[in-house]
$ cat input.cif   # mmCIF, C-alpha atoms
data_coords
#
loop_
_atom_site.group_PDB
_atom_site.id
_atom_site.type_symbol
_atom_site.label_atom_id
_atom_site.label_comp_id
_atom_site.auth_asym_id
_atom_site.auth_seq_id
_atom_site.Cartn_x
_atom_site.Cartn_y
_atom_site.Cartn_z
ATOM 1 C CA MET J 1416 196.177 165.787 27.397
ATOM 2 C CA TYR J 1417 193.903 162.858 28.199
ATOM 3 C CA LEU J 1418 194.792 160.340 25.504
ATOM 4 C CA PRO J 1419 192.854 157.051 25.322
ATOM 5 C CA GLU J 1420 194.677 154.558 23.110
ATOM 6 C CA ASN J 1421 192.074 154.523 20.343
ATOM 7 C CA PHE J 1422 192.405 158.307 19.906
ATOM 8 C CA GLU J 1423 196.219 158.465 20.035
ATOM 9 C CA GLU J 1424 198.107 159.479 16.872
ATOM 10 C CA LEU J 1425 201.890 158.987 16.808
ATOM 11 C CA ARG J 1426 202.735 158.962 13.082
ATOM 12 C CA PRO J 1427 205.094 161.928 12.483
ATOM 13 C CA GLU J 1428 203.816 162.568 8.974
ATOM 14 C CA VAL J 1429 200.237 162.900 10.247
ATOM 15 C CA LEU J 1430 201.218 165.155 13.146
ATOM 16 C CA TRP J 1431 203.312 167.490 11.004
ATOM 17 C CA ASP J 1432 200.654 167.615 8.310
ATOM 18 C CA LEU J 1433 198.223 169.074 10.851
ATOM 19 C CA VAL J 1434 200.806 171.647 11.938
ATOM 20 C CA ALA J 1435 201.301 172.642 8.289
ATOM 21 C CA ARG J 1436 197.535 172.903 7.702
ATOM 22 C CA HIS J 1437 196.850 174.778 10.949
ATOM 23 C CA PRO J 1438 200.099 176.648 11.748
ATOM 24 C CA LEU J 1439 198.574 179.066 14.253
ATOM 25 C CA GLY J 1440 199.626 177.467 17.523
ATOM 26 C CA LEU J 1441 198.930 178.560 21.085
ATOM 27 C CA ILE J 1442 202.206 178.749 23.010
ATOM 28 C CA ILE J 1443 201.801 178.390 26.773
ATOM 29 C CA THR J 1444 204.491 178.994 29.377
ATOM 30 C CA ALA J 1445 204.492 179.397 33.142
ATOM 31 C CA GLY J 1446 206.788 181.335 35.438
ATOM 32 C CA PRO J 1447 206.740 183.580 38.514
ATOM 33 C CA GLU J 1448 204.137 185.763 36.817
ATOM 34 C CA GLY J 1449 201.842 182.762 36.280
ATOM 35 C CA PRO J 1450 200.725 181.019 33.087
ATOM 36 C CA MET J 1451 200.803 183.026 29.866
ATOM 37 C CA ALA J 1452 199.561 182.140 26.379
ATOM 38 C CA SER J 1453 200.023 183.695 22.943
ATOM 39 C CA PRO J 1454 198.735 182.601 19.512
ATOM 40 C CA LEU J 1455 201.613 182.550 17.010
ATOM 41 C CA PRO J 1456 202.074 181.103 13.510
ATOM 42 C CA PHE J 1457 204.761 178.404 13.629
ATOM 43 C CA LEU J 1458 206.991 176.671 11.129
ATOM 44 C CA ARG J 1459 208.759 173.367 11.319
ATOM 45 C CA GLY J 1460 212.506 173.861 11.096
ATOM 46 C CA GLU J 1461 215.698 171.871 11.472
ATOM 47 C CA GLY J 1462 217.830 172.267 14.586
ATOM 48 C CA GLU J 1463 221.056 170.619 15.611
ATOM 49 C CA ALA J 1464 221.685 167.081 14.316
ATOM 50 C CA ASP J 1465 218.767 167.562 11.883
ATOM 51 C CA ARG J 1466 216.255 167.401 14.729
ATOM 52 C CA ALA J 1467 212.889 169.025 14.083
ATOM 53 C CA VAL J 1468 212.210 172.303 15.880
ATOM 54 C CA LEU J 1469 209.388 174.837 15.871
ATOM 55 C CA THR J 1470 210.194 178.411 14.914
ATOM 56 C CA ALA J 1471 208.145 181.561 15.403
ATOM 57 C CA HIS J 1472 208.456 185.229 16.244
ATOM 58 C CA MET J 1473 206.691 187.378 18.818
ATOM 59 C CA ALA J 1474 206.187 191.111 19.186
ATOM 60 C CA ARG J 1475 208.600 192.631 21.687
ATOM 61 C CA ALA J 1476 205.677 194.708 22.999
ATOM 62 C CA ASN J 1477 203.848 191.515 23.995
ATOM 63 C CA PRO J 1478 204.186 191.131 27.810
ATOM 64 C CA HIS J 1479 204.666 187.420 27.181
ATOM 65 C CA ALA J 1480 207.969 188.184 25.429
ATOM 66 C CA ALA J 1481 209.463 189.679 28.591
ATOM 67 C CA ALA J 1482 208.611 186.484 30.493
ATOM 68 C CA LEU J 1483 210.452 184.175 28.074
ATOM 69 C CA THR J 1484 213.878 182.905 29.084
ATOM 70 C CA GLU J 1485 216.395 180.578 27.486
ATOM 71 C CA GLY J 1486 215.499 176.948 28.195
ATOM 72 C CA LEU J 1487 211.999 177.740 29.525
ATOM 73 C CA ASP J 1488 209.556 174.846 29.102
ATOM 74 C CA ALA J 1489 206.762 175.520 26.628
ATOM 75 C CA LEU J 1490 203.623 173.781 25.409
ATOM 76 C CA VAL J 1491 202.333 174.580 21.910
ATOM 77 C CA ILE J 1492 198.824 173.475 20.918
ATOM 78 C CA PHE J 1493 197.697 173.138 17.297
ATOM 79 C CA GLN J 1494 193.955 172.722 16.767
ATOM 80 C CA GLY J 1495 192.617 171.241 13.543
ATOM 81 C CA ALA J 1496 189.079 170.302 12.558
ATOM 82 C CA GLU J 1497 186.573 170.207 15.419
ATOM 83 C CA THR J 1498 182.843 169.782 15.675
ATOM 84 C CA TYR J 1499 179.866 169.016 17.883
ATOM 85 C CA VAL J 1500 178.546 165.461 17.514
ATOM 86 C CA SER J 1501 174.807 164.941 17.913
ATOM 87 C CA PRO J 1502 173.546 161.632 19.352
ATOM 88 C CA GLY J 1503 170.777 161.950 16.786
ATOM 89 C CA TRP J 1504 173.259 160.707 14.178
ATOM 90 C CA TYR J 1505 173.768 157.371 15.972
ATOM 91 C CA PRO J 1506 171.674 154.387 14.841
ATOM 92 C CA SER J 1507 172.143 153.073 18.390
ATOM 93 C CA LYS J 1508 169.985 155.957 19.648
ATOM 94 C CA ALA J 1509 166.890 154.215 18.296
ATOM 95 C CA GLU J 1510 168.039 150.885 19.706
ATOM 96 C CA THR J 1511 168.914 151.756 23.312
ATOM 97 C CA GLY J 1512 168.593 155.503 23.840
ATOM 98 C CA ARG J 1513 171.825 155.259 25.872
ATOM 99 C CA VAL J 1514 173.719 157.992 23.999
ATOM 100 C CA VAL J 1515 174.917 161.507 24.785
ATOM 101 C CA PRO J 1516 176.425 164.385 22.778
ATOM 102 C CA THR J 1517 180.189 164.735 22.441
ATOM 103 C CA TRP J 1518 182.819 166.686 20.532
ATOM 104 C CA ASN J 1519 185.183 165.446 17.834
ATOM 105 C CA TYR J 1520 188.534 167.104 17.128
ATOM 106 C CA GLU J 1521 192.069 166.674 15.871
ATOM 107 C CA MET J 1522 194.876 168.212 17.922
ATOM 108 C CA VAL J 1523 198.659 168.177 18.193
ATOM 109 C CA GLN J 1524 200.512 169.160 21.347
ATOM 110 C CA VAL J 1525 204.237 169.903 21.278
ATOM 111 C CA ARG J 1526 206.397 170.222 24.371
ATOM 112 C CA GLY J 1527 209.863 171.704 24.260
ATOM 113 C CA ARG J 1528 212.408 174.203 25.504
ATOM 114 C CA ILE J 1529 212.601 177.759 24.254
ATOM 115 C CA GLY J 1530 215.667 179.169 22.550
ATOM 116 C CA LEU J 1531 215.685 182.945 22.022
ATOM 117 C CA LYS J 1532 216.785 184.221 18.606
ATOM 118 C CA PRO J 1533 217.175 188.015 18.668
ATOM 119 C CA GLY J 1534 219.527 188.258 15.647
ATOM 120 C CA ALA J 1535 218.328 190.193 12.610
ATOM 121 C CA ASP J 1536 219.565 187.574 10.123
ATOM 122 C CA TRP J 1537 217.703 184.743 11.875
ATOM 123 C CA LEU J 1538 214.550 186.843 12.148
ATOM 124 C CA ALA J 1539 214.678 187.884 8.492
ATOM 125 C CA ALA J 1540 215.049 184.259 7.390
ATOM 126 C CA GLN J 1541 212.203 183.084 9.643
ATOM 127 C CA VAL J 1542 209.818 185.807 8.481
ATOM 128 C CA ASP J 1543 210.711 185.101 4.852
ATOM 129 C CA ALA J 1544 210.153 181.339 5.278
ATOM 130 C CA LEU J 1545 206.846 181.875 7.089
ATOM 131 C CA THR J 1546 205.680 184.257 4.364
ATOM 132 C CA ARG J 1547 206.661 181.865 1.585
ATOM 133 C CA ALA J 1548 204.823 178.994 3.276
ATOM 134 C CA GLN J 1549 201.563 180.916 2.895
ATOM 135 C CA GLU J 1550 202.134 183.104 -0.170
ATOM 136 C CA ASP J 1551 203.595 180.503 -2.534
ATOM 137 C CA ARG J 1552 200.120 179.000 -2.970
ATOM 138 C CA ARG J 1553 198.758 182.294 -4.289
ATOM 139 C CA PRO J 1554 198.711 183.051 -8.040
ATOM 140 C CA ARG J 1555 200.618 186.309 -7.438
ATOM 141 C CA PRO J 1556 202.545 185.757 -4.198
ATOM 142 C CA TRP J 1557 203.717 188.679 -2.108
ATOM 143 C CA ALA J 1558 207.375 188.549 -1.023
ATOM 144 C CA VAL J 1559 209.148 190.274 1.842
ATOM 145 C CA SER J 1560 211.407 191.869 -0.774
ATOM 146 C CA ASP J 1561 208.360 193.677 -2.195
ATOM 147 C CA ALA J 1562 208.434 196.042 0.797
ATOM 148 C CA PRO J 1563 211.074 198.779 1.239
ATOM 149 C CA PRO J 1564 214.170 197.383 3.008
ATOM 150 C CA ALA J 1565 214.179 200.148 5.616
ATOM 151 C CA PHE J 1566 210.569 199.365 6.482
ATOM 152 C CA ILE J 1567 211.302 195.638 6.890
ATOM 153 C CA GLU J 1568 214.316 196.427 9.079
ATOM 154 C CA SER J 1569 212.149 198.555 11.356
ATOM 155 C CA GLN J 1570 209.576 195.759 11.600
ATOM 156 C CA LEU J 1571 212.248 193.219 12.510
ATOM 157 C CA ARG J 1572 213.419 195.415 15.368
ATOM 158 C CA GLY J 1573 209.964 195.032 16.897
ATOM 159 C CA ILE J 1574 210.041 191.239 17.208
ATOM 160 C CA ILE J 1575 212.042 188.469 18.861
ATOM 161 C CA GLY J 1576 212.618 184.996 17.463
ATOM 162 C CA LEU J 1577 211.793 181.680 19.109
ATOM 163 C CA GLU J 1578 213.178 178.246 18.322
ATOM 164 C CA ILE J 1579 211.590 175.463 20.352
ATOM 165 C CA GLU J 1580 213.672 172.333 20.845
ATOM 166 C CA ILE J 1581 211.047 169.591 20.783
ATOM 167 C CA THR J 1582 211.025 167.082 23.627
ATOM 168 C CA GLU J 1583 207.628 165.525 22.851
ATOM 169 C CA ILE J 1584 205.004 165.678 20.120
ATOM 170 C CA ARG J 1585 201.670 163.878 20.499
ATOM 171 C CA GLY J 1586 198.422 163.901 18.616
ATOM 172 C CA LYS J 1587 194.809 163.150 19.407
ATOM 173 C CA TRP J 1588 192.315 162.356 16.667
ATOM 174 C CA LYS J 1589 188.960 161.949 18.403
ATOM 175 C CA MET J 1590 186.775 160.991 15.464
ATOM 176 C CA SER J 1591 184.136 158.708 16.991
ATOM 177 C CA GLN J 1592 186.490 155.674 17.038
ATOM 178 C CA ASN J 1593 184.988 154.691 20.409
ATOM 179 C CA ARG J 1594 181.565 154.191 18.826
ATOM 180 C CA PRO J 1595 180.253 151.104 16.986
ATOM 181 C CA LEU J 1596 180.901 151.194 13.233
ATOM 182 C CA PRO J 1597 177.272 152.066 12.347
ATOM 183 C CA ASP J 1598 177.434 155.063 14.713
ATOM 184 C CA MET J 1599 180.700 156.239 13.109
ATOM 185 C CA ALA J 1600 179.042 156.000 9.702
ATOM 186 C CA GLY J 1601 176.085 157.977 11.028
ATOM 187 C CA VAL J 1602 178.393 160.729 12.288
ATOM 188 C CA ALA J 1603 180.143 160.925 8.910
ATOM 189 C CA ARG J 1604 176.779 161.210 7.130
ATOM 190 C CA GLY J 1605 175.485 163.802 9.574
ATOM 191 C CA LEU J 1606 178.538 166.017 9.270
ATOM 192 C CA ALA J 1607 178.467 165.715 5.464
ATOM 193 C CA ASP J 1608 174.811 166.765 5.244
ATOM 194 C CA PRO J 1609 174.692 170.368 3.941
ATOM 195 C CA GLU J 1610 171.228 170.790 5.481
ATOM 196 C CA ASP J 1611 172.471 170.016 8.989
ATOM 197 C CA PRO J 1612 173.367 173.063 11.155
ATOM 198 C CA HIS J 1613 176.572 171.259 12.154
ATOM 199 C CA HIS J 1614 177.606 170.597 8.552
ATOM 200 C CA ASN J 1615 181.401 170.172 8.603
ATOM 201 C CA PRO J 1616 182.934 168.551 5.489
ATOM 202 C CA ALA J 1617 186.474 168.536 6.926
ATOM 203 C CA ALA J 1618 185.420 166.674 10.067
ATOM 204 C CA ALA J 1619 183.151 164.374 8.032
ATOM 205 C CA ALA J 1620 186.118 163.355 5.866
ATOM 206 C CA LEU J 1621 188.240 162.621 8.943
ATOM 207 C CA VAL J 1622 185.553 160.452 10.524
ATOM 208 C CA ALA J 1623 185.094 158.594 7.221
ATOM 209 C CA GLU J 1624 188.862 158.060 6.955
ATOM 210 C CA ARG J 1625 189.103 156.584 10.459
ATOM 211 C CA LEU J 1626 185.988 154.484 9.789
ATOM 212 C CA ALA J 1627 187.571 153.050 6.643
ATOM 213 C CA GLY J 1628 190.681 152.206 8.656
ATOM 214 C CA ARG J 1629 188.638 150.279 11.208
ATOM 215 C CA GLU J 1630 186.629 148.463 8.534
ATOM 216 C CA GLY J 1631 189.819 147.443 6.744
ATOM 217 C CA SER J 1632 191.642 146.214 9.842
#
$ encode --input "input.cif" --output "structure tokens"
Amino acid sequence: MYLPENFEELRPEVLWDLVARHPLGLIITAGPEGPMASPLPFLRGEGEADRAVLTAHMARANPHAAALTEGLDALVIFQGAETYVSPGWYPSKAETGRVVPTWNYEMVQVRGRIGLKPGADWLAAQVDALTRAQEDRRPRPWAVSDAPPAFIESQLRGIIGLEIEITEIRGKWKMSQNRPLPDMAGVARGLADPEDPHHNPAAAALVAERLAGREGS
């Protein structure tokens, strides 16, 4: 990932917050069969020596599953808010005209080594934790125990577990930090405008947050 210094994000709490907000990651591996990619919901877990790991499960019927081996290198990409940025939002457009469109986004990339977890107990715990992470926010959460045990057991037989030992986690928050402060403010206003076809409150808030950080530094 191309990572200019002003876009780099290294704070663990910020990186893991994005993973929690956007848990559907794209896992990418490469082997003799070539590169393969699968979207999977991930959870942060604790591995040996209390080191953070990523956990997930994959359908055994997925051809990607057959290509996974113990210790295989993997890249997992988590994509957060993203949006087109119009040069029409920049005050500098009227001053110089030397502006072009771009794209803003927040992203976390995790590199690590795959550990295979085929055991039923591990799989049951991972599925339960993943379910709770999403259902506990609902007024009437669904629980794995709501389904018949025999049905859940049959579902577990159709998946394999993955635990990724993290070797690197990096984030990129490209939120117009390379523009002059008035241009950043213009982007925040443009994205917050409900009449604009690129209205994006989440991205607007992120640009405004980074702008406030620059103004306060």
$ closest_residue --input "input.cif" --among "J:Val1429, J:Ile1584, J:Ala1539, J:Val1468" --to "Ile1492 (chain J)" --atoms "all atoms listed in the file"
J:Ile1584
$ resolve_selection --input "input.cif" --expression "the PyMOL selection byres ((chain J and resi 1416-1427) around 6)" --output "PDB file with C-alpha atoms, in the frame of the given file"
ATOM      1  CA  GLU J1428     203.816 162.568   8.974  1.00  0.00           C
ATOM      2  CA  VAL J1429     200.237 162.900  10.247  1.00  0.00           C
ATOM      3  CA  LEU J1430     201.218 165.155  13.146  1.00  0.00           C
ATOM      4  CA  GLY J1586     198.422 163.901  18.616  1.00  0.00           C
ATOM      5  CA  LYS J1587     194.809 163.150  19.407  1.00  0.00           C
ATOM      6  CA  TRP J1588     192.315 162.356  16.667  1.00  0.00           C
ATOM      7  CA  LYS J1589     188.960 161.949  18.403  1.00  0.00           C
TER       8      LYS J1589
END
$ resolve_selection --input "input.cif" --expression "the PyMOL selection byres ((chain J and resi 1570) around 12)" --output "compact mmCIF listing (two decimals) with C-alpha atoms, keeping the file's coordinate frame"
# COMPACT_ATOMS: atom_id res chain seq x y z
CA HIS J 1472 208.46 185.23 16.24
CA MET J 1473 206.69 187.38 18.82
CA ALA J 1474 206.19 191.11 19.19
CA ARG J 1475 208.60 192.63 21.69
CA ALA J 1535 218.33 190.19 12.61
CA LEU J 1538 214.55 186.84 12.15
CA ALA J 1539 214.68 187.88 8.49
CA VAL J 1542 209.82 185.81 8.48
CA VAL J 1559 209.15 190.27 1.84
CA ALA J 1562 208.43 196.04 0.80
CA PRO J 1563 211.07 198.78 1.24
CA PRO J 1564 214.17 197.38 3.01
CA ALA J 1565 214.18 200.15 5.62
CA PHE J 1566 210.57 199.36 6.48
CA ILE J 1567 211.30 195.64 6.89
CA GLU J 1568 214.32 196.43 9.08
CA SER J 1569 212.15 198.56 11.36
CA LEU J 1571 212.25 193.22 12.51
CA ARG J 1572 213.42 195.42 15.37
CA GLY J 1573 209.96 195.03 16.90
CA ILE J 1574 210.04 191.24 17.21
CA ILE J 1575 212.04 188.47 18.86
$ resolve_selection --input "input.cif" --expression "the PyMOL selection byres ((chain J and resi 1612-1614) around 12)" --output "number ranges by chain"
J: 1497-1501, 1503-1504, 1518-1519, 1602-1611, 1615-1620
$ write_last_selection --input "input.cif" --atoms "C-alpha atoms" --output "PDB file, in the coordinates of the input"
ATOM      1  CA  GLU J1497     186.573 170.207  15.419  1.00  0.00           C
ATOM      2  CA  THR J1498     182.843 169.782  15.675  1.00  0.00           C
ATOM      3  CA  TYR J1499     179.866 169.016  17.883  1.00  0.00           C
ATOM      4  CA  VAL J1500     178.546 165.461  17.514  1.00  0.00           C
ATOM      5  CA  SER J1501     174.807 164.941  17.913  1.00  0.00           C
ATOM      6  CA  GLY J1503     170.777 161.950  16.786  1.00  0.00           C
ATOM      7  CA  TRP J1504     173.259 160.707  14.178  1.00  0.00           C
ATOM      8  CA  TRP J1518     182.819 166.686  20.532  1.00  0.00           C
ATOM      9  CA  ASN J1519     185.183 165.446  17.834  1.00  0.00           C
ATOM     10  CA  VAL J1602     178.393 160.729  12.288  1.00  0.00           C
ATOM     11  CA  ALA J1603     180.143 160.925   8.910  1.00  0.00           C
ATOM     12  CA  ARG J1604     176.779 161.210   7.130  1.00  0.00           C
ATOM     13  CA  GLY J1605     175.485 163.802   9.574  1.00  0.00           C
ATOM     14  CA  LEU J1606     178.538 166.017   9.270  1.00  0.00           C
ATOM     15  CA  ALA J1607     178.467 165.715   5.464  1.00  0.00           C
ATOM     16  CA  ASP J1608     174.811 166.765   5.244  1.00  0.00           C
ATOM     17  CA  PRO J1609     174.692 170.368   3.941  1.00  0.00           C
ATOM     18  CA  GLU J1610     171.228 170.790   5.481  1.00  0.00           C
ATOM     19  CA  ASP J1611     172.471 170.016   8.989  1.00  0.00           C
ATOM     20  CA  ASN J1615     181.401 170.172   8.603  1.00  0.00           C
ATOM     21  CA  PRO J1616     182.934 168.551   5.489  1.00  0.00           C
ATOM     22  CA  ALA J1617     186.474 168.536   6.926  1.00  0.00           C
ATOM     23  CA  ALA J1618     185.420 166.674  10.067  1.00  0.00           C
ATOM     24  CA  ALA J1619     183.151 164.374   8.032  1.00  0.00           C
ATOM     25  CA  ALA J1620     186.118 163.355   5.866  1.00  0.00           C
TER      26      ALA J1620
END
$ axis_aligned_box --input "input.cif" --around "region 1441-1452 of chain J" --padding-each-side "8 Å" --output "lines of an AutoDock Vina configuration file"
center_x = 202.9
center_y = 182.1
center_z = 29.8
size_x = 23.9
size_y = 23.4
size_z = 33.4
$ residues_near_point --input "input.cif" --point "(176.8, 152.1, 14.7)" --cutoff "12 Å" --atoms "only C-alpha atoms" --output "PDB file with C-alpha atoms, keeping the file's coordinate frame"
ATOM      1  CA  PRO J1502     173.546 161.632  19.352  1.00  0.00           C
ATOM      2  CA  GLY J1503     170.777 161.950  16.786  1.00  0.00           C
ATOM      3  CA  TRP J1504     173.259 160.707  14.178  1.00  0.00           C
ATOM      4  CA  TYR J1505     173.768 157.371  15.972  1.00  0.00           C
ATOM      5  CA  PRO J1506     171.674 154.387  14.841  1.00  0.00           C
ATOM      6  CA  SER J1507     172.143 153.073  18.390  1.00  0.00           C
ATOM      7  CA  LYS J1508     169.985 155.957  19.648  1.00  0.00           C
ATOM      8  CA  ALA J1509     166.890 154.215  18.296  1.00  0.00           C
ATOM      9  CA  GLU J1510     168.039 150.885  19.706  1.00  0.00           C
ATOM     10  CA  THR J1511     168.914 151.756  23.312  1.00  0.00           C
ATOM     11  CA  VAL J1514     173.719 157.992  23.999  1.00  0.00           C
ATOM     12  CA  SER J1591     184.136 158.708  16.991  1.00  0.00           C
ATOM     13  CA  GLN J1592     186.490 155.674  17.038  1.00  0.00           C
ATOM     14  CA  ASN J1593     184.988 154.691  20.409  1.00  0.00           C
ATOM     15  CA  ARG J1594     181.565 154.191  18.826  1.00  0.00           C
ATOM     16  CA  PRO J1595     180.253 151.104  16.986  1.00  0.00           C
ATOM     17  CA  LEU J1596     180.901 151.194  13.233  1.00  0.00           C
ATOM     18  CA  PRO J1597     177.272 152.066  12.347  1.00  0.00           C
ATOM     19  CA  ASP J1598     177.434 155.063  14.713  1.00  0.00           C
ATOM     20  CA  MET J1599     180.700 156.239  13.109  1.00  0.00           C
ATOM     21  CA  ALA J1600     179.042 156.000   9.702  1.00  0.00           C
ATOM     22  CA  GLY J1601     176.085 157.977  11.028  1.00  0.00           C
ATOM     23  CA  VAL J1602     178.393 160.729  12.288  1.00  0.00           C
ATOM     24  CA  ALA J1603     180.143 160.925   8.910  1.00  0.00           C
ATOM     25  CA  ARG J1604     176.779 161.210   7.130  1.00  0.00           C
ATOM     26  CA  LEU J1626     185.988 154.484   9.789  1.00  0.00           C
TER      27      LEU J1626
END
$ closest_residue --input "input.cif" --among "J:Asp1465, J:Asp1561, J:Glu1578, J:Asp1432" --to "Trp1537 (chain J)" --atoms "only C-alpha atoms"
J:Glu1578
$ closest_residue --input "input.cif" --among "J:Gln1541, J:Ala1496, J:Gly1512, J:Leu1531" --to "Ala1481 (chain J)" --atoms "only C-alpha atoms"
J:Leu1531
$ atom_distance --input "input.cif" --atom1 "CA of Glu1630 (chain J)" --atom2 "CA of Glu1521 (chain J)"
20.4 Å
$ closest_residue --input "input.cif" --among "J:Ser1560, J:Gln1494, J:Gln1549, J:Asn1477" --to "Val1525 (chain J)" --atoms "all atoms listed in the file"
J:Gln1494
